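Note: the block below is query.pdb and it holds PDB, C-alpha atoms.
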```
ATOM      1  CA  ILE A   1      12.023 -43.181   4.054  1.00  0.00           C
ATOM      2  CA  ALA A   2      13.169 -40.534   6.509  1.00  0.00           C
ATOM      3  CA  GLY A   3      14.449 -38.411   3.625  1.00  0.00           C
ATOM      4  CA  TRP A   4      11.160 -38.607   1.770  1.00  0.00           C
ATOM      5  CA  ALA A   5       9.264 -37.778   4.952  1.00  0.00           C
ATOM      6  CA  ALA A   6      11.452 -34.737   5.537  1.00  0.00           C
ATOM      7  CA  LEU A   7      10.985 -33.633   1.938  1.00  0.00           C
ATOM      8  CA  ALA A   8       7.207 -34.014   2.199  1.00  0.00           C
ATOM      9  CA  LEU A   9       7.156 -32.098   5.483  1.00  0.00           C
ATOM     10  CA  THR A  10       9.226 -29.170   4.217  1.00  0.00           C
ATOM     11  CA  THR A  11       7.310 -29.024   0.926  1.00  0.00           C
ATOM     12  CA  GLY A  12       4.015 -29.039   2.788  1.00  0.00           C
ATOM     13  CA  TYR A  13       5.237 -26.284   5.104  1.00  0.00           C
ATOM     14  CA  LEU A  14       6.338 -24.120   2.174  1.00  0.00           C
ATOM     15  CA  ALA A  15       3.002 -24.663   0.423  1.00  0.00           C
ATOM     16  CA  TRP A  16       1.129 -23.805   3.606  1.00  0.00           C
ATOM     17  CA  GLY A  17       3.197 -20.632   4.076  1.00  0.00           C
ATOM     18  CA  TYR A  18       2.572 -19.563   0.490  1.00  0.00           C
ATOM     19  CA  GLY A  19      -1.166 -20.086   0.926  1.00  0.00           C
ATOM     20  CA  GLN A  20      -1.175 -18.033   4.125  1.00  0.00           C
ATOM     21  CA  SER A  21       0.750 -15.203   2.460  1.00  0.00           C
ATOM     22  CA  GLN A  22      -1.711 -15.152  -0.435  1.00  0.00           C
ATOM     23  CA  LEU A  23      -4.614 -15.058   2.014  1.00  0.00           C
ATOM     24  CA  ALA A  24      -3.048 -12.138   3.893  1.00  0.00           C
ATOM     25  CA  ALA A  25      -2.374 -10.226   0.663  1.00  0.00           C
ATOM     26  CA  ARG A  26      -5.917 -10.831  -0.578  1.00  0.00           C
ATOM     27  CA  LEU A  27      -7.534  -9.652   2.670  1.00  0.00           C
ATOM     28  CA  ALA A  28      -5.328  -6.558   2.684  1.00  0.00           C
ATOM     29  CA  THR A  29      -6.065  -5.739  -0.961  1.00  0.00           C
ATOM     30  CA  GLU A  30      -9.806  -6.055  -0.474  1.00  0.00           C
ATOM     31  CA  GLN A  31      -9.752  -3.764   2.555  1.00  0.00           C
ATOM     32  CA  LEU A  32      -7.525  -1.158   0.913  1.00  0.00           C
ATOM     33  CA  ARG A  33      -9.696  -0.945  -2.188  1.00  0.00           C
ATOM     34  CA  ALA A  34     -12.793  -0.608  -0.016  1.00  0.00           C
ATOM     35  CA  GLU A  35     -11.053   2.302   1.739  1.00  0.00           C
ATOM     36  CA  GLY A  36     -10.230   4.022  -1.566  1.00  0.00           C
ATOM     37  CA  PHE A  37      -6.549   3.084  -1.829  1.00  0.00           C
ATOM     38  CA  ASP A  38      -5.738   1.311  -5.093  1.00  0.00           C
ATOM     39  CA  PRO A  39      -2.555  -0.754  -4.639  1.00  0.00           C
ATOM     40  CA  VAL A  40      -0.411  -1.832  -7.558  1.00  0.00           C
ATOM     41  CA  ARG A  41       1.745  -4.016  -5.304  1.00  0.00           C
ATOM     42  CA  VAL A  42       0.956  -5.757  -2.023  1.00  0.00           C
ATOM     43  CA  ARG A  43       3.493  -7.707   0.028  1.00  0.00           C
ATOM     44  CA  ALA A  44       2.654 -10.010   2.924  1.00  0.00           C
ATOM     45  CA  GLN A  45       5.892 -10.519   4.840  1.00  0.00           C
ATOM     46  CA  PRO A  46       6.102 -13.224   7.554  1.00  0.00           C
ATOM     47  CA  SER A  47       6.903 -12.041  11.061  1.00  0.00           C
ATOM     48  CA  MET A  48       8.750 -13.854  13.811  1.00  0.00           C
ATOM     49  CA  LEU A  49       5.692 -16.042  14.504  1.00  0.00           C
ATOM     50  CA  LEU A  50       3.368 -18.220  12.448  1.00  0.00           C
ATOM     51  CA  TRP A  51       0.180 -16.646  11.121  1.00  0.00           C
ATOM     52  CA  MET A  52       1.435 -13.086  11.740  1.00  0.00           C
ATOM     53  CA  TRP A  53       2.072 -10.994   8.646  1.00  0.00           C
ATOM     54  CA  ARG A  54       3.459  -7.546   7.967  1.00  0.00           C
ATOM     55  CA  ILE A  55       1.492  -5.961   5.126  1.00  0.00           C
ATOM     56  CA  VAL A  56       2.991  -3.303   2.844  1.00  0.00           C
ATOM     57  CA  ALA A  57       1.054  -1.903  -0.131  1.00  0.00           C
ATOM     58  CA  ARG A  58       2.101   0.690  -2.726  1.00  0.00           C
ATOM     59  CA  ASP A  59       0.030   2.687  -5.193  1.00  0.00           C
ATOM     60  CA  GLU A  60       1.135   4.184  -8.524  1.00  0.00           C
ATOM     61  CA  ARG A  61       2.250   7.435  -6.899  1.00  0.00           C
ATOM     62  CA  GLY A  62       4.528   5.635  -4.440  1.00  0.00           C
ATOM     63  CA  ASP A  63       2.366   6.189  -1.350  1.00  0.00           C
ATOM     64  CA  LEU A  64       2.436   3.260   1.066  1.00  0.00           C
ATOM     65  CA  ARG A  65       0.059   1.647   3.526  1.00  0.00           C
ATOM     66  CA  VAL A  66       1.638  -0.471   6.247  1.00  0.00           C
ATOM     67  CA  GLY A  67      -0.076  -2.735   8.755  1.00  0.00           C
ATOM     68  CA  ALA A  68      -0.175  -6.145  10.435  1.00  0.00           C
ATOM     69  CA  LEU A  69      -2.560  -9.070  10.150  1.00  0.00           C
ATOM     70  CA  SER A  70      -3.107 -12.395  11.893  1.00  0.00           C
ATOM     71  CA  THR A  71      -4.400 -15.007   9.458  1.00  0.00           C
ATOM     72  CA  TRP A  72      -5.344 -17.160  12.465  1.00  0.00           C
ATOM     73  CA  HIS A  73      -7.675 -14.437  13.767  1.00  0.00           C
ATOM     74  CA  PRO A  74      -8.217 -11.862  10.990  1.00  0.00           C
ATOM     75  CA  THR A  75      -9.406  -8.420  12.052  1.00  0.00           C
ATOM     76  CA  PRO A  76      -9.605  -5.151  10.082  1.00  0.00           C
ATOM     77  CA  ILE A  77      -6.092  -3.883   9.472  1.00  0.00           C
ATOM     78  CA  ALA A  78      -5.195  -0.546  11.075  1.00  0.00           C
ATOM     79  CA  PHE A  79      -3.158   0.650   8.130  1.00  0.00           C
ATOM     80  CA  GLN A  80      -0.707   3.473   8.712  1.00  0.00           C
ATOM     81  CA  SER A  81      -0.005   5.908   5.894  1.00  0.00           C
ATOM     82  CA  VAL A  82       3.496   6.553   4.605  1.00  0.00           C
ATOM     83  CA  ASP A  83       2.855   9.081   1.846  1.00  0.00           C
ATOM     84  CA  ARG A  84       5.617  10.257  -0.463  1.00  0.00           C
ATOM     85  CA  PRO A  85       6.348  14.021  -0.290  1.00  0.00           C
ATOM     86  CA  ASP A  86       5.874  15.910  -3.544  1.00  0.00           C
ATOM     87  CA  HIS A  87       9.310  17.519  -3.699  1.00  0.00           C
ATOM     88  CA  PRO A  88      11.964  17.719  -6.455  1.00  0.00           C
ATOM     89  CA  LEU A  89      14.730  16.532  -4.111  1.00  0.00           C
ATOM     90  CA  VAL A  90      12.752  13.356  -3.432  1.00  0.00           C
ATOM     91  CA  ASP A  91      12.572  12.687  -7.157  1.00  0.00           C
ATOM     92  CA  ARG A  92      16.292  13.373  -7.566  1.00  0.00           C
ATOM     93  CA  ALA A  93      17.231  11.150  -4.630  1.00  0.00           C
ATOM     94  CA  LEU A  94      15.206   8.226  -5.949  1.00  0.00           C
ATOM     95  CA  ALA A  95      16.509   8.793  -9.497  1.00  0.00           C
ATOM     96  CA  SER A  96      20.169   8.786  -8.417  1.00  0.00           C
ATOM     97  CA  GLU A  97      22.191   5.642  -9.088  1.00  0.00           C
ATOM     98  CA  ARG A  98      22.275   4.591  -5.450  1.00  0.00           C
ATOM     99  CA  GLY A  99      18.673   5.646  -4.944  1.00  0.00           C
ATOM    100  CA  GLN A 100      17.623   3.354  -7.771  1.00  0.00           C
ATOM    101  CA  ILE A 101      19.691   0.502  -6.342  1.00  0.00           C
ATOM    102  CA  PHE A 102      18.104   0.963  -2.931  1.00  0.00           C
ATOM    103  CA  SER A 103      14.597   1.156  -4.393  1.00  0.00           C
ATOM    104  CA  TRP A 104      15.266  -2.044  -6.352  1.00  0.00           C
ATOM    105  CA  PHE A 105      16.596  -3.722  -3.223  1.00  0.00           C
ATOM    106  CA  ALA A 106      13.470  -2.692  -1.263  1.00  0.00           C
ATOM    107  CA  ASP A 107      11.158  -3.884  -4.064  1.00  0.00           C
ATOM    108  CA  GLY A 108       9.837  -0.331  -4.404  1.00  0.00           C
ATOM    109  CA  MET A 109       8.477  -0.334  -0.839  1.00  0.00           C
ATOM    110  CA  VAL A 110      10.339   2.845   0.094  1.00  0.00           C
ATOM    111  CA  GLY A 111       8.996   5.308   2.629  1.00  0.00           C
ATOM    112  CA  VAL A 112      10.430   8.814   2.208  1.00  0.00           C
ATOM    113  CA  HIS A 113      10.640  11.951   4.305  1.00  0.00           C
ATOM    114  CA  ILE A 114      12.678  15.161   4.158  1.00  0.00           C
ATOM    115  CA  GLU A 115      14.865  16.630   6.896  1.00  0.00           C
ATOM    116  CA  ARG A 116      16.100  20.218   6.627  1.00  0.00           C
ATOM    117  CA  LEU A 117      19.345  20.961   8.456  1.00  0.00           C
ATOM    118  CA  ASP A 118      21.289  24.227   8.793  1.00  0.00           C
ATOM    119  CA  THR A 119      23.545  23.650   5.807  1.00  0.00           C
ATOM    120  CA  SER A 120      21.941  20.752   3.954  1.00  0.00           C
ATOM    121  CA  THR A 121      18.756  18.843   3.210  1.00  0.00           C
ATOM    122  CA  ARG A 122      18.387  15.107   3.690  1.00  0.00           C
ATOM    123  CA  VAL A 123      16.005  12.796   1.876  1.00  0.00           C
ATOM    124  CA  VAL A 124      15.560   9.754   4.108  1.00  0.00           C
ATOM    125  CA  MET A 125      14.499   6.560   2.321  1.00  0.00           C
ATOM    126  CA  ALA A 126      13.328   3.638   4.489  1.00  0.00           C
ATOM    127  CA  ASP A 127      12.847   0.017   3.463  1.00  0.00           C
ATOM    128  CA  GLN A 128       9.292  -0.595   4.689  1.00  0.00           C
ATOM    129  CA  ARG A 129       9.292  -4.334   3.973  1.00  0.00           C
ATOM    130  CA  TYR A 130      10.715  -5.260   7.360  1.00  0.00           C
ATOM    131  CA  GLY A 131      10.012  -3.946  10.835  1.00  0.00           C
ATOM    132  CA  LEU A 132       8.147  -4.536  14.062  1.00  0.00           C
ATOM    133  CA  VAL A 133       4.603  -5.857  13.857  1.00  0.00           C
ATOM    134  CA  THR A 134       3.741  -3.810  16.934  1.00  0.00           C
ATOM    135  CA  ASN A 135       4.907  -0.610  15.202  1.00  0.00           C
ATOM    136  CA  PRO A 136       4.507  -1.352  11.491  1.00  0.00           C
ATOM    137  CA  THR A 137       6.170   1.768  10.117  1.00  0.00           C
ATOM    138  CA  GLN A 138       9.327   1.398  12.225  1.00  0.00           C
ATOM    139  CA  THR A 139      11.894  -0.149   9.933  1.00  0.00           C
ATOM    140  CA  PHE A 140      15.348  -1.643  10.320  1.00  0.00           C
ATOM    141  CA  TRP A 141      17.378   0.011   7.569  1.00  0.00           C
ATOM    142  CA  GLY A 142      17.360   2.663   4.875  1.00  0.00           C
ATOM    143  CA  ALA A 143      19.421   5.196   2.940  1.00  0.00           C
ATOM    144  CA  VAL A 144      19.983   8.943   3.228  1.00  0.00           C
ATOM    145  CA  ALA A 145      20.573  11.241   0.251  1.00  0.00           C
ATOM    146  CA  GLU A 146      22.190  14.507   1.310  1.00  0.00           C
ATOM    147  CA  PHE A 147      21.950  17.711  -0.740  1.00  0.00           C
ATOM    148  CA  ASP A 148      23.876  20.931  -0.143  1.00  0.00           C
ATOM    149  CA  GLN A 149      22.281  24.385   0.028  1.00  0.00           C
ATOM    150  CA  GLY A 150      22.471  24.663  -3.748  1.00  0.00           C
ATOM    151  CA  GLY A 151      20.520  21.461  -4.216  1.00  0.00           C
ATOM    152  CA  HIS A 152      23.499  19.432  -5.390  1.00  0.00           C
ATOM    153  CA  LEU A 153      23.664  15.784  -4.356  1.00  0.00           C
ATOM    154  CA  VAL A 154      26.552  15.270  -1.938  1.00  0.00           C
ATOM    155  CA  GLY A 155      26.155  11.535  -1.465  1.00  0.00           C
ATOM    156  CA  VAL A 156      23.876   8.658  -0.564  1.00  0.00           C
ATOM    157  CA  ASP A 157      24.670   6.620   2.555  1.00  0.00           C
ATOM    158  CA  ARG A 158      22.877   3.716   4.165  1.00  0.00           C
ATOM    159  CA  PHE A 159      22.005   3.246   7.831  1.00  0.00           C
ATOM    160  CA  SER A 160      20.568   0.545  10.041  1.00  0.00           C
ATOM    161  CA  SER A 161      18.544   0.706  13.218  1.00  0.00           C
ATOM    162  CA  ARG A 162      17.905  -2.501  15.157  1.00  0.00           C
ATOM    163  CA  PRO A 163      15.556  -1.853  18.114  1.00  0.00           C
ATOM    164  CA  THR A 164      17.078  -4.658  20.208  1.00  0.00           C
ATOM    165  CA  ARG A 165      15.622  -3.357  23.469  1.00  0.00           C
ATOM    166  CA  GLU A 166      12.110  -3.560  22.038  1.00  0.00           C
ATOM    167  CA  MET A 167      12.357  -7.038  20.579  1.00  0.00           C
ATOM    168  CA  GLY A 168      11.269  -8.910  23.711  1.00  0.00           C
ATOM    169  CA  ALA A 169       8.183  -6.771  24.241  1.00  0.00           C
ATOM    170  CA  ALA A 170       7.405  -6.897  20.517  1.00  0.00           C
ATOM    171  CA  LEU A 171       7.624 -10.697  20.478  1.00  0.00           C
ATOM    172  CA  ALA A 172       5.297 -10.994  23.469  1.00  0.00           C
ATOM    173  CA  ALA A 173       2.791  -8.579  21.928  1.00  0.00           C
ATOM    174  CA  THR A 174       3.017 -10.359  18.576  1.00  0.00           C
ATOM    175  CA  TRP A 175       2.267 -13.701  20.253  1.00  0.00           C
ATOM    176  CA  LYS A 176      -0.861 -12.233  21.830  1.00  0.00           C
ATOM    177  CA  MET A 177      -1.997 -10.568  18.608  1.00  0.00           C
ATOM    178  CA  MET A 178      -1.490 -13.763  16.630  1.00  0.00           C
ATOM    179  CA  TRP A 179      -4.201 -15.551  18.645  1.00  0.00           C
ATOM    180  CA  SER A 180      -6.588 -12.696  19.448  1.00  0.00           C
ATOM    181  CA  GLY A 181      -6.195 -10.475  16.358  1.00  0.00           C
ATOM    182  CA  VAL A 182      -4.277  -7.291  15.706  1.00  0.00           C
ATOM    183  CA  ARG A 183      -5.662  -4.203  17.375  1.00  0.00           C
ATOM    184  CA  LEU A 184      -3.322  -1.329  16.654  1.00  0.00           C
ATOM    185  CA  GLU A 185      -4.271   2.318  16.579  1.00  0.00           C
ATOM    186  CA  ARG A 186      -4.714   3.659  13.057  1.00  0.00           C
ATOM    187  CA  ARG A 187      -2.523   6.691  12.444  1.00  0.00           C
ATOM    188  CA  ALA A 188      -2.069   8.995   9.476  1.00  0.00           C
ATOM    189  CA  GLY A 189       1.632   9.380  10.129  1.00  0.00           C
ATOM    190  CA  ALA A 190       4.341   6.850  10.728  1.00  0.00           C
ATOM    191  CA  GLY A 191       5.889   5.999  14.032  1.00  0.00           C
ATOM    192  CA  GLY A 192       9.439   5.370  15.103  1.00  0.00           C
ATOM    193  CA  PRO A 193      12.080   7.649  16.598  1.00  0.00           C
ATOM    194  CA  SER A 194      11.667  11.368  16.141  1.00  0.00           C
ATOM    195  CA  SER A 195      13.551  13.001  13.314  1.00  0.00           C
ATOM    196  CA  ALA A 196      15.461  16.248  13.400  1.00  0.00           C
ATOM    197  CA  GLU A 197      13.713  19.600  13.353  1.00  0.00           C
ATOM    198  CA  GLY A 198      12.643  20.800   9.955  1.00  0.00           C
ATOM    199  CA  THR A 199      11.126  17.490   8.877  1.00  0.00           C
ATOM    200  CA  GLU A 200       8.815  18.322   6.034  1.00  0.00           C
ATOM    201  CA  SER A 201       6.699  15.187   6.316  1.00  0.00           C
ATOM    202  CA  ASN A 202       5.980  13.219   9.475  1.00  0.00           C
ATOM    203  CA  ASN A 203       5.264  10.072   7.474  1.00  0.00           C
ATOM    204  CA  HIS A 204       8.471   8.311   8.349  1.00  0.00           C
ATOM    205  CA  ALA A 205       9.562   5.266  10.245  1.00  0.00           C
ATOM    206  CA  ILE A 206      13.172   5.777  11.209  1.00  0.00           C
ATOM    207  CA  SER A 207      15.721   8.463  11.914  1.00  0.00           C
ATOM    208  CA  PRO A 208      19.058   8.655  10.135  1.00  0.00           C
ATOM    209  CA  GLN A 209      20.787   9.699  13.343  1.00  0.00           C
ATOM    210  CA  GLN A 210      22.689   6.401  13.316  1.00  0.00           C
ATOM    211  CA  ALA A 211      26.200   5.420  12.349  1.00  0.00           C
ATOM    212  CA  ARG A 212      26.042   5.188   8.581  1.00  0.00           C
ATOM    213  CA  ALA A 213      28.121   3.217   6.103  1.00  0.00           C
ATOM    214  CA  SER A 214      28.634   3.848   2.442  1.00  0.00           C
ATOM    215  CA  LEU A 215      26.478   1.970  -0.030  1.00  0.00           C
TER     216      LEU A 215
END
```
Structure translated into structure tokens:
Amino acid sequence: IAGWAALALTTGYLAWGYGQSQLAARLATEQLRAEGFDPVRVRAQPSMLLWMWRIVARDERGDLRVGALSTWHPTPIAFQSVDRPDHPLVDRALASERGQIFSWFADGMVGVHIERLDTSTRVVMADQRYGLVTNPTQTFWGAVAEFDQGGHLVGVDRFSSRPTREMGAALAATWKMMWSGVRLERRAGAGGPSSAEGTESNNHAISPQQARASL
């Protein structure tokens, strides 16, 4: 009997979670379309707490909208824009073998920005599926494609950035938002640590100034 009870409980929990994720995705899709953004893919990712969801939506061009939603107390989502730069190096980075692997791994939810250095150019690709609810565009990991001055691809490395010092404050804020609704400032650009000078687009979530490991 105990086994059947446990099975019923876990099955019910999974069904409830699926229903909540579908509700979050539907509310996000309706709002985005009303705002003129036509998503081809919407993900509702569970956060650390029940009823709190990280929303990531992508259109055909690859532009993203990222936000947070409480299905316990739904409020209009303050989506933040992570638009893809129109640049040939971005296309080449995403079309490279490792760029394609990373994009597949991130389910296409890849935020991109360009950093120009003295002797090279970096295309920073961030996995926008996961991150802090309190700062939706700040992500935990990504990949960097580096090109030399001639535009030749030098390599693609991955990096990770775990904001451990912010986790306590983020959890407390998430708890409050779960019950009273999410009220984040809407911004056109993404947040997160500042990137190096020469950044061509400020729509990014993370900086590659981390220890990086090969893909």
Would you list the contacts of Gln45 of chain A as a PDB file with C-alpha atoms, keeping the file's coordinate frame, taking every protein, DNA or RNA residue within 9 Å and counting only C-alpha atoms, but skipping same-chain residues closer than 2 positions in sequence?
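File produced: around.pdb:
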```pdb
ATOM      1  CA  SER A  21       0.750 -15.203   2.460  1.00  0.00           C
ATOM      2  CA  ARG A  43       3.493  -7.707   0.028  1.00  0.00           C
ATOM      3  CA  SER A  47       6.903 -12.041  11.061  1.00  0.00           C
ATOM      4  CA  MET A  52       1.435 -13.086  11.740  1.00  0.00           C
ATOM      5  CA  TRP A  53       2.072 -10.994   8.646  1.00  0.00           C
ATOM      6  CA  ARG A  54       3.459  -7.546   7.967  1.00  0.00           C
ATOM      7  CA  ILE A  55       1.492  -5.961   5.126  1.00  0.00           C
ATOM      8  CA  VAL A  56       2.991  -3.303   2.844  1.00  0.00           C
ATOM      9  CA  ARG A 129       9.292  -4.334   3.973  1.00  0.00           C
ATOM     10  CA  TYR A 130      10.715  -5.260   7.360  1.00  0.00           C
TER      11      TYR A 130
END
```
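Excluding Ala106 of chain A itself and any same-chain residue fewer than 3 positions from it, the protein and nucleic acid residues within 7 Å of it, counting all atoms listed in the file, are Phe102, Ser103, Met109, Val110, Asp127 and Arg129 of chain A.
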Quiz prompt | Who sits within 9 Å of Gln128 of chain A, only C-alpha atoms, same chain under 4 positions skipped, as a ChimeraX atom specification | solution = /A:56,64,66,106,109-111,136-142,205
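Evaluated on this file, the PyMOL selection byres ((chain A and resi 72) around 8) matches Trp51, Met52, Ser70, Thr71, His73, Pro74, Met178, Trp179 and Gly181 of chain A.
Closest approach to Gly151 of chain A among A:Ala172, A:Val133, A:Ala93, A:Met125: A:Ala93, based on all atoms listed in the file.
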Exercise. On this file, the PyMOL selection byres ((chain A and resi 26) around 12) gives some set of residues; write that set as a PyMOL selection string.
Key: chain A and resi 19-25+27-33+39+41-44+55+57+69+71+74
Please, could you write that set of residues out with C-alpha atoms as a CSV table (one decimal), in the coordinates of the input?
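Ended up saving to result16.csv:
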```csv
chain,number,residue,atom,x,y,z
A,19,GLY,CA,-1.2,-20.1,0.9
A,20,GLN,CA,-1.2,-18.0,4.1
A,21,SER,CA,0.8,-15.2,2.5
A,22,GLN,CA,-1.7,-15.2,-0.4
A,23,LEU,CA,-4.6,-15.1,2.0
A,24,ALA,CA,-3.0,-12.1,3.9
A,25,ALA,CA,-2.4,-10.2,0.7
A,27,LEU,CA,-7.5,-9.7,2.7
A,28,ALA,CA,-5.3,-6.6,2.7
A,29,THR,CA,-6.1,-5.7,-1.0
A,30,GLU,CA,-9.8,-6.1,-0.5
A,31,GLN,CA,-9.8,-3.8,2.6
A,32,LEU,CA,-7.5,-1.2,0.9
A,33,ARG,CA,-9.7,-0.9,-2.2
A,39,PRO,CA,-2.6,-0.8,-4.6
A,41,ARG,CA,1.7,-4.0,-5.3
A,42,VAL,CA,1.0,-5.8,-2.0
A,43,ARG,CA,3.5,-7.7,0.0
A,44,ALA,CA,2.7,-10.0,2.9
A,55,ILE,CA,1.5,-6.0,5.1
A,57,ALA,CA,1.1,-1.9,-0.1
A,69,LEU,CA,-2.6,-9.1,10.2
A,71,THR,CA,-4.4,-15.0,9.5
A,74,PRO,CA,-8.2,-11.9,11.0
```
Quiz item: Which protein, DNA or RNA residues have an atom at most 12 Å from (22.2, 6.7, -7.5), counting only C-alpha atoms? List them as number ranges by chain.
Solution: A: 91-104, 143-146, 153-157, 215
Exercise. Point out the residue among A:Thr134, A:Gly12, A:Ser81, A:Gly17 with the least atom-to-atom distance to Lys176 of chain A, counting only C-alpha atoms.
Key: A:Thr134
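If you look at atom CA of His113 of chain A and atom CA of Leu132 of chain A, they are 19.3 Å away from each other.
The residue that comes closest to Leu50 of chain A, out of A:Met177, A:Val124, A:Ala5, A:Val90 and on the basis of all atoms listed in the file, is A:Met177.
A distance cut-off of 9 Å around (0.4, 8.3, -1.1), counting only C-alpha atoms, selects these protein and nucleic acid residues: Phe37, Arg58, Asp59, Glu60, Arg61, Gly62, Asp63, Leu64, Arg65, Ser81, Val82, Asp83, Arg84 and Pro85 of chain A.
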Which centre and which edge lengths, in Å to one decimal, describe the axis-aligned box that holds all listed atoms of segment 73-79 of chain A after 3 Å is added on each side, as JSON?
```
{"center_x": -6.4, "center_y": -6.9, "center_z": 10.9, "size_x": 12.4, "size_y": 21.1, "size_z": 11.6}
```
